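Chemist: Have a look at the structure that comes next, please.
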Amino acid sequence: MSIKPILFENGILKMIDQRLLPTEEVWREYSDCPSVAEAITTMVVRGAPAIGVAAAFGAAFGASHIQEDNYADFFSEFEKACALLAATRPTAVNLFWALERMKGCAQIHRDLPLPELKARLFAEAQEIAVEDERLNRTLGANGAPLIADGARVLTHCNAGALATAGYGTALGVIRAAVEEGKELLVYADETRPFLQGSRLTAWELMRDRIPVTLICDNMAGYLMSKGEIDCVIVGADRIAANGDVANKIGTYTVAVLAREHQIPFYVAAPLSTIDLSIADGSGIPIEERSSREITHVGEQRLAPDAVAVRNPAFDVTPARLVSAIITERGVVTGDYSQGLKALAAKGA
Ligand SMILES: CSC[C@@H](O)[C@@H](O)C(=O)COP(=O)(O)O
């Protein structure tokens with residue numbers, strides 16, 4: 001069984017500290033909004049859908065701490081809690097999607113007594129988590145036919161169970177193909193600088209006994225040129241209306257290499273990652289993170305003191321390089337503008 005990185009038990013949110021994997025498995029406990037916001041900022045929890053789930057619980061905690069006698073101010077206080085969570089990480093749209101859903105839930109139940117309204121918000125956060133894993137399984141089943149038996153599959157970053165409420169998106173497709181009886185070999189890019197590939201993807205695939213081989217990011221082109229990669233599958237943090245895909249820095253490089261070697265490049269993501277309000281990738285906000293992620297590993301310095309550093313955490317892969325977008329409502333190829341709109345309309 002794939003890991004569930006976010007648990008809600010007896011009113012406490014428990015999250016595995018992803019910064020410490022693979023060497024330590026430490027579960028942290030949360031019961032207030034600011035500490036959940038900090039956990040998202042500092043990457044205790046990361047991965048677009050998982051960030052959304054954590055934020056939903058953060059919002060519910062925010063509401064739960066608003067005083068009973070403060071009913072008139074409830075909605076403005078709740079807005080403040082949501083704004084704190086919204087300021088944590090800018091790129092993954094699932095964060096904003098989850099917060100909008102929590103605000104919608106509060107509005108729908110606005111006439112309930114405050115204790116009941118607060119309980120509804122926790123129920124909604126739990127529903128978002130349960131739904132995320134369920135959709136990942138559907139998405140996985142939709143994508144599995146694209147992966148041939150015996151395929152050698154390259155993935156970048158971690159779009160696995162750890163990045164979601166469970167099962168994963170890109171790794172969900174891989175899991176579904178393996179559950180169908182296919183024998184696969186996954187190549188995991190180490191994914192500098194935060195090393196989600198080596199620390200997280202390698203860890204969770206080994207835990208589930210799915211064959212995985214770790215490579216440095218700059219080795220993908222060599223393996224492709226040798227005919228050792230059959231397809232690429234990655235997740236996404238935000239997909240624009242035209243199918244441009246923001247994902248972990250280095251994804252664009254892999255997509256360009258895949259096109260050069262005529263290897264299919266697949267993106268797996270739930271509908272909550274698609275942002276039809278943004279026309280194309282140029283409008284997607286790209287998070288810039290601390291230079292220390294590049295200049296240091298732990299306390300060990302890897303670069304000269306005070307060297308100038310850029311650390312964009314995401315890049316945008318143009319839709320023309322994407323062979324298919326795999327979602328829980330189906331697989332889109334070709335004209336993404338039409339296809340994504342049609343998928344969104346299916347659920348309306
Ligand atoms: C299913 S997760 C998809 C993406 O969120 C994932 O590929 C990614 O880029 C994660 O970035 P991170 O910075 O670790 O949150």
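Residue names in the structure tokens use chain letters A, B, ... in the order shown, residue numbers from 1 in each chain, and ligand numbers from 1 in the order shown.
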Please return as an MDAnalysis selection string: the residues of segment 90-204 of chain A that backbone DSSP assigns to strand (DSSP E or B).

Modeler: chainID A and resid 152:155 185:189

Chemist: Output C-alpha atoms for every residue in that selection, as a tab-separated table (two decimals), in the first residue's frame.

Modeler:
```tsv
chain	number	residue	atom	x	y	z
A	152	ARG	CA	11.52	2.05	-19.06
A	153	VAL	CA	9.85	5.20	-17.72
A	154	LEU	CA	11.64	8.40	-16.74
A	155	THR	CA	10.08	10.65	-14.09
A	185	LEU	CA	11.61	0.08	-14.74
A	186	VAL	CA	11.37	3.64	-13.44
A	187	TYR	CA	14.29	6.00	-13.88
A	188	ALA	CA	14.09	8.75	-11.23
A	189	ASP	CA	15.85	12.05	-11.93
```

Chemist: Please, which residues have at least one atom within 8 Å of an atom of ligand 1, using only C-alpha atoms and all ligand atoms, listed as a count of residues only?

Modeler: 34

Chemist: In Å, rounded to a single decimal, give me how far atom CA of Leu139 of chain A is from atom CA of Arg329 of chain A.

Modeler: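 Atom CA of Arg329 of chain A sits 7.3 Å away from atom CA of Leu139 of chain A.
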
Chemist: Would you give me, as a list in words, the residues in segment 23-60 of chain A that DSSP reads as alpha helix (DSSP H)?

Modeler: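 Assigned to alpha helix (DSSP H), within segment 23-60 of chain A: Cys33, Pro34, Ser35, Val36, Ala37, Glu38, Ala39, Ile40, Thr41, Ala48, Pro49, Ala50, Ile51, Gly52, Val53, Ala54, Ala55, Ala56, Phe57, Gly58, Ala59 and Ala60 of chain A.
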
Chemist: Deliver the residues from the most recent selection as a file, using N, CA and C atoms, as a tab-separated table (two decimals), in the first residue's frame.

Modeler:
```tsv
chain	number	residue	atom	x	y	z
A	33	CYS	N	-3.69	26.99	12.39
A	33	CYS	CA	-3.48	27.44	11.01
A	33	CYS	C	-2.05	27.94	10.74
A	34	PRO	N	-1.47	28.81	11.60
A	34	PRO	CA	-0.13	29.32	11.28
A	34	PRO	C	0.92	28.21	11.18
A	35	SER	N	0.81	27.18	12.01
A	35	SER	CA	1.84	26.14	11.93
A	35	SER	C	1.66	25.28	10.67
A	36	VAL	N	0.42	25.13	10.20
A	36	VAL	CA	0.22	24.41	8.93
A	36	VAL	C	0.81	25.26	7.79
A	37	ALA	N	0.57	26.58	7.85
A	37	ALA	CA	1.13	27.46	6.82
A	37	ALA	C	2.66	27.35	6.80
A	38	GLU	N	3.25	27.30	7.97
A	38	GLU	CA	4.71	27.19	8.04
A	38	GLU	C	5.19	25.84	7.48
A	39	ALA	N	4.42	24.79	7.74
A	39	ALA	CA	4.79	23.46	7.23
A	39	ALA	C	4.78	23.45	5.70
A	40	ILE	N	3.86	24.21	5.10
A	40	ILE	CA	3.81	24.28	3.63
A	40	ILE	C	5.02	25.09	3.13
A	41	THR	N	5.26	26.24	3.75
A	41	THR	CA	6.37	27.10	3.31
A	41	THR	C	7.71	26.38	3.41
A	48	ALA	N	1.85	19.46	-5.36
A	48	ALA	CA	0.67	20.32	-5.53
A	48	ALA	C	-0.58	19.81	-4.80
A	49	PRO	N	-1.04	18.56	-5.04
A	49	PRO	CA	-2.27	18.15	-4.37
A	49	PRO	C	-2.12	18.07	-2.85
A	50	ALA	N	-0.94	17.64	-2.37
A	50	ALA	CA	-0.74	17.54	-0.92
A	50	ALA	C	-0.76	18.92	-0.27
A	51	ILE	N	-0.22	19.91	-0.96
A	51	ILE	CA	-0.27	21.29	-0.45
A	51	ILE	C	-1.73	21.73	-0.31
A	52	GLY	N	-2.54	21.39	-1.31
A	52	GLY	CA	-3.97	21.75	-1.27
A	52	GLY	C	-4.67	21.09	-0.09
A	53	VAL	N	-4.40	19.81	0.13
A	53	VAL	CA	-5.04	19.08	1.24
A	53	VAL	C	-4.61	19.69	2.58
A	54	ALA	N	-3.31	19.94	2.74
A	54	ALA	CA	-2.81	20.52	3.99
A	54	ALA	C	-3.45	21.89	4.23
A	55	ALA	N	-3.54	22.69	3.17
A	55	ALA	CA	-4.13	24.03	3.31
A	55	ALA	C	-5.60	23.95	3.72
A	56	ALA	N	-6.32	22.96	3.21
A	56	ALA	CA	-7.73	22.81	3.58
A	56	ALA	C	-7.84	22.57	5.09
A	57	PHE	N	-6.97	21.70	5.62
A	57	PHE	CA	-7.00	21.47	7.07
A	57	PHE	C	-6.55	22.74	7.82
A	58	GLY	N	-5.57	23.44	7.25
A	58	GLY	CA	-5.12	24.69	7.88
A	58	GLY	C	-6.27	25.68	8.00
A	59	ALA	N	-7.08	25.77	6.94
A	59	ALA	CA	-8.24	26.68	6.96
A	59	ALA	C	-9.25	26.24	8.01
A	60	ALA	N	-9.46	24.93	8.10
A	60	ALA	CA	-10.42	24.42	9.11
A	60	ALA	C	-9.91	24.74	10.52
```

Chemist: Which is closest to Val26 of chain A among A:Val44, A:Ala220, A:Ile12, A:Leu99, if we use only C-alpha atoms?

Modeler: A:Val44

Chemist: For a test of reading the model, state the distance in Å between atom CA of Glu79 of chain A and atom CA of Tyr30 of chain A, rounded to one decimal.

Modeler: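 Those two atoms sit 19.9 Å apart.
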
Chemist: What is the atom CA of Ser291 of chain A-atom CA of Asn311 of chain A distance in Å, reported with one decimal?

Modeler: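 Going from atom CA of Ser291 of chain A over to atom CA of Asn311 of chain A, I get 6.1 Å.
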
Chemist: Would you mind listing what lies within 6 Å of segment 199-206 of chain A as number ranges by chain, with only C-alpha atoms counted and same-chain residues fewer than 3 positions away left out?

Modeler: A: 21-22, 158, 195-196, 209-210

Chemist: Could you write those residues out with N, CA and C atoms, as a compact mmCIF listing (two decimals), in the first residue's frame?

Modeler:
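Result written to part-v7.txt:
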```txt
# COMPACT_ATOMS: atom_id res chain seq x y z
N LEU A 21 13.15 12.70 4.88
CA LEU A 21 13.23 11.43 4.13
C LEU A 21 14.43 11.48 3.21
N PRO A 22 15.09 10.37 2.93
CA PRO A 22 14.71 9.00 3.29
C PRO A 22 15.36 8.50 4.57
N ASN A 158 8.98 14.46 -7.58
CA ASN A 158 8.14 13.44 -6.96
C ASN A 158 6.69 13.82 -7.17
N LEU A 195 16.06 17.74 -4.41
CA LEU A 195 16.28 16.28 -4.46
C LEU A 195 15.02 15.46 -4.17
N GLN A 196 13.87 15.94 -4.69
CA GLN A 196 12.62 15.18 -4.50
C GLN A 196 12.70 13.81 -5.19
N ARG A 209 8.13 -1.73 -3.73
CA ARG A 209 8.80 -2.77 -4.56
C ARG A 209 8.57 -2.57 -6.06
N ILE A 210 8.57 -1.31 -6.48
CA ILE A 210 8.52 -1.00 -7.92
C ILE A 210 9.95 -0.68 -8.34
```

Chemist: Go through A:Glu287, A:Val178, A:Val322, A:Ile215 and flag the residue nearest Pro90 of chain A, using only C-alpha atoms for the distances.

Modeler: A:Glu287

Chemist: Write out as a ChimeraX atom specification the residues lying within 12 Å of Gln67 of chain A, counting only C-alpha atoms and excluding same-chain residues fewer than 3 positions away.

Modeler: /A:62-64,70-75,77-78,114-115,118

Chemist: Got time to write the residues from that selection, N, CA and C atoms, as an mmCIF file, in the first residue's frame?

Modeler:
```cif
data_model
loop_
_atom_site.group_PDB
_atom_site.id
_atom_site.type_symbol
_atom_site.label_atom_id
_atom_site.label_comp_id
_atom_site.auth_asym_id
_atom_site.auth_seq_id
_atom_site.Cartn_x
_atom_site.Cartn_y
_atom_site.Cartn_z
ATOM 1 N N GLY A 62 -7.980 27.250 11.246
ATOM 2 C CA GLY A 62 -8.143 28.705 11.378
ATOM 3 C C GLY A 62 -9.544 29.035 11.853
ATOM 4 N N ALA A 63 -10.540 28.410 11.232
ATOM 5 C CA ALA A 63 -11.937 28.655 11.610
ATOM 6 C C ALA A 63 -12.195 28.181 13.031
ATOM 7 N N SER A 64 -11.613 27.037 13.382
ATOM 8 C CA SER A 64 -11.926 26.440 14.695
ATOM 9 C C SER A 64 -11.432 27.314 15.845
ATOM 10 N N ASN A 70 -17.653 35.720 18.570
ATOM 11 C CA ASN A 70 -17.167 36.620 17.536
ATOM 12 C C ASN A 70 -17.845 36.302 16.191
ATOM 13 N N TYR A 71 -19.116 35.870 16.264
ATOM 14 C CA TYR A 71 -19.783 35.375 15.060
ATOM 15 C C TYR A 71 -19.781 36.411 13.933
ATOM 16 N N ALA A 72 -20.002 37.672 14.311
ATOM 17 C CA ALA A 72 -20.093 38.721 13.290
ATOM 18 C C ALA A 72 -18.802 38.819 12.486
ATOM 19 N N ASP A 73 -17.683 38.577 13.174
ATOM 20 C CA ASP A 73 -16.382 38.708 12.497
ATOM 21 C C ASP A 73 -15.894 37.394 11.896
ATOM 22 N N PHE A 74 -16.697 36.339 12.034
ATOM 23 C CA PHE A 74 -16.198 35.020 11.627
ATOM 24 C C PHE A 74 -15.635 35.028 10.211
ATOM 25 N N PHE A 75 -16.393 35.587 9.275
ATOM 26 C CA PHE A 75 -15.969 35.487 7.875
ATOM 27 C C PHE A 75 -14.712 36.310 7.574
ATOM 28 N N GLU A 77 -12.345 36.922 9.804
ATOM 29 C CA GLU A 77 -11.238 36.183 10.432
ATOM 30 C C GLU A 77 -10.874 34.961 9.591
ATOM 31 N N PHE A 78 -11.905 34.301 9.064
ATOM 32 C CA PHE A 78 -11.666 33.114 8.234
ATOM 33 C C PHE A 78 -10.898 33.514 6.968
ATOM 34 N N LEU A 114 -22.253 28.284 14.824
ATOM 35 C CA LEU A 114 -20.797 28.289 14.592
ATOM 36 C C LEU A 114 -20.123 26.928 14.837
ATOM 37 N N PRO A 115 -20.446 26.233 15.940
ATOM 38 C CA PRO A 115 -19.779 24.934 16.144
ATOM 39 C C PRO A 115 -20.040 23.964 14.989
ATOM 40 N N LYS A 118 -18.012 25.009 11.913
ATOM 41 C CA LYS A 118 -16.607 24.613 12.079
ATOM 42 C C LYS A 118 -16.434 23.119 11.794
#
```

Chemist: What's around Ala308 of chain A at 12 Å? Count only C-alpha atoms, leave out sequence neighbours fewer than 6 positions away in its own chain, and write the answer as a PDB file with C-alpha atoms, in the first residue's frame.

Modeler:
```
ATOM      1  CA  SER A 290      16.346  30.445  -1.156  1.00  0.00           C
ATOM      2  CA  SER A 291      19.834  30.392  -2.666  1.00  0.00           C
ATOM      3  CA  ARG A 292      20.862  28.164   0.220  1.00  0.00           C
ATOM      4  CA  ILE A 294      21.762  25.446  -4.131  1.00  0.00           C
ATOM      5  CA  THR A 295      24.821  26.571  -2.209  1.00  0.00           C
TER       6      THR A 295
END
```

Chemist: At a cut-off of 8 Å, using only C-alpha atoms, what residues contact Trp27 of chain A? Leave out same-chain residues fewer than 6 positions from it and give the result as a PyMOL selection string.

Modeler: chain A and resi 14-17

Chemist: With only C-alpha atoms as the atoms that count, which of A:Val307, A:Met102, A:Ala177, A:Leu343 lies nearest to Glu328 of chain A?

Modeler: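 Of the candidates, the smallest distance to Glu328 of chain A is held by A:Leu343.
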